[in-house]
Amino acid sequence: LSYKPDVDDLRESPAIEICHKLAEEGARVLAYEPYKPEFRQNSFETATTLAAALDCADILPLLVSNTALRNLEPQVVAQLTPARLVVDCVNAWPVKEWEQHGFRVIRLGASLSSDVGMKE
């Protein structure tokens with residue numbers, strides 16, 4: 001949730017704004033910030049541990065490329081969460097590796113199909 005990787009400064013964080021918007025649209029948001037696990041927010045829920053955040057997740061959005069999150073192993077994550085959809089907004093996770101462990105990965109800025117936008 002920090003405004004940049006590997007810091008506990010949450011001021012003017014785009015990730016927090018995304019969580020606010022999702023909550024406003026009716027999503028149940030449970031966010032985790034590894035460098036400030038005690039962080040609390042009124043408009044969405046926060047978890048103090050990664051395991052707590054993963055336990056009931058439907059979607060795993062990676063909004064900040066923190067080292068602690070970037071280095072997660074998909075085989076471990078797969079054991080901790082029912083979620084199988086990853087939205088990697090910072091292009092930090094190796095797609096093929098996550099897909100090999102049963103996740104569907106959407107990367108911000110990447111096409112969903114190799115022929116999207118191609119003219120014949």
# chains A, B, ... in the order shown; residues from 1 in each chain; ligands from 1
$ residues_around --residues "A:Val90" --least-positions-apart "4" --cutoff "8 Å" --atoms "only C-alpha atoms" --output "list in words"
Leu62, Leu63, Val64, Ser65, Arg107 and Leu108 of chain A
$ select_by_dssp --residues "stretch 38-116 of chain A" --states "strand (DSSP E or B)" --output "ChimeraX atom specification"
/A:45-47,59-62,85-88,104-107
$ select_by_dssp --residues "chain A" --states "helix (DSSP H, G or I)" --output "count of residues only"
34
$ residues_around --residues "A:Arg28" --least-positions-apart "4" --cutoff "9 Å" --atoms "only C-alpha atoms" --output "mmCIF file with N, CA and C atoms, in the first residue's frame"
data_model
loop_
_atom_site.group_PDB
_atom_site.id
_atom_site.type_symbol
_atom_site.label_atom_id
_atom_site.label_comp_id
_atom_site.auth_asym_id
_atom_site.auth_seq_id
_atom_site.Cartn_x
_atom_site.Cartn_y
_atom_site.Cartn_z
ATOM 1 N N LEU A 22 -12.267 0.569 -5.110
ATOM 2 C CA LEU A 22 -12.863 -0.769 -5.119
ATOM 3 C C LEU A 22 -13.929 -0.897 -4.032
ATOM 4 N N ALA A 23 -13.620 -0.389 -2.842
ATOM 5 C CA ALA A 23 -14.583 -0.444 -1.738
ATOM 6 C C ALA A 23 -15.827 0.384 -2.059
ATOM 7 N N PHE A 44 -11.823 0.466 4.053
ATOM 8 C CA PHE A 44 -11.570 -0.934 3.709
ATOM 9 C C PHE A 44 -10.807 -1.612 4.838
ATOM 10 N N GLU A 45 -10.859 -2.933 4.843
ATOM 11 C CA GLU A 45 -10.206 -3.715 5.893
ATOM 12 C C GLU A 45 -8.724 -3.901 5.586
#
$ residues_around --residues "stretch 30-33 of chain A" --least-positions-apart "3" --cutoff "9 Å" --atoms "only C-alpha atoms" --output "MDAnalysis selection string"
chainID A and resid 1:2 8 16 19 36:39 44:50 52:54 56:57 66
$ atom_distance --atom1 "atom CA of A:Val76" --atom2 "atom CA of A:Pro14"
27.6 Å
$ residues_around --residues "stretch 94-96 of chain A" --least-positions-apart "2" --cutoff "10 Å" --atoms "only C-alpha atoms" --output "list of chain:residue names"
A:Arg70, A:Pro74, A:Val86, A:Asp88, A:Asn91, A:Ala92, A:Trp98, A:Glu99, A:Gln100, A:His101, A:Phe103, A:Arg104, A:Val105, A:Ile106, A:Arg107
$ write_last_selection --atoms "C-alpha atoms" --output "tab-separated table (two decimals), in the first residue's frame"
chain	number	residue	atom	x	y	z
A	70	ARG	CA	7.73	-9.67	-5.23
A	74	PRO	CA	3.47	-19.19	-6.15
A	86	VAL	CA	-3.66	-12.52	-9.96
A	88	ASP	CA	-0.05	-7.86	-11.30
A	91	ASN	CA	4.77	-6.61	-13.61
A	92	ALA	CA	6.75	-8.15	-10.77
A	98	TRP	CA	2.45	-18.47	-11.46
A	99	GLU	CA	0.44	-20.13	-14.23
A	100	GLN	CA	2.25	-23.42	-13.59
A	101	HIS	CA	0.82	-23.32	-10.06
A	103	PHE	CA	-3.07	-19.05	-11.26
A	104	ARG	CA	-4.46	-16.94	-14.08
A	105	VAL	CA	-2.26	-13.84	-14.31
A	106	ILE	CA	-3.31	-10.49	-15.72
A	107	ARG	CA	-0.52	-7.94	-16.05
$ atom_distance --atom1 "atom CA of A:Gln75" --atom2 "atom CA of A:Val7"
26.3 Å
$ atom_distance --atom1 "atom CA of A:Glu73" --atom2 "atom CA of A:Glu17"
26.9 Å
$ closest_residue --among "A:Leu60, A:Ala68, A:Ala51, A:Cys89" --to "A:Tyr35" --atoms "only C-alpha atoms"
A:Ala68
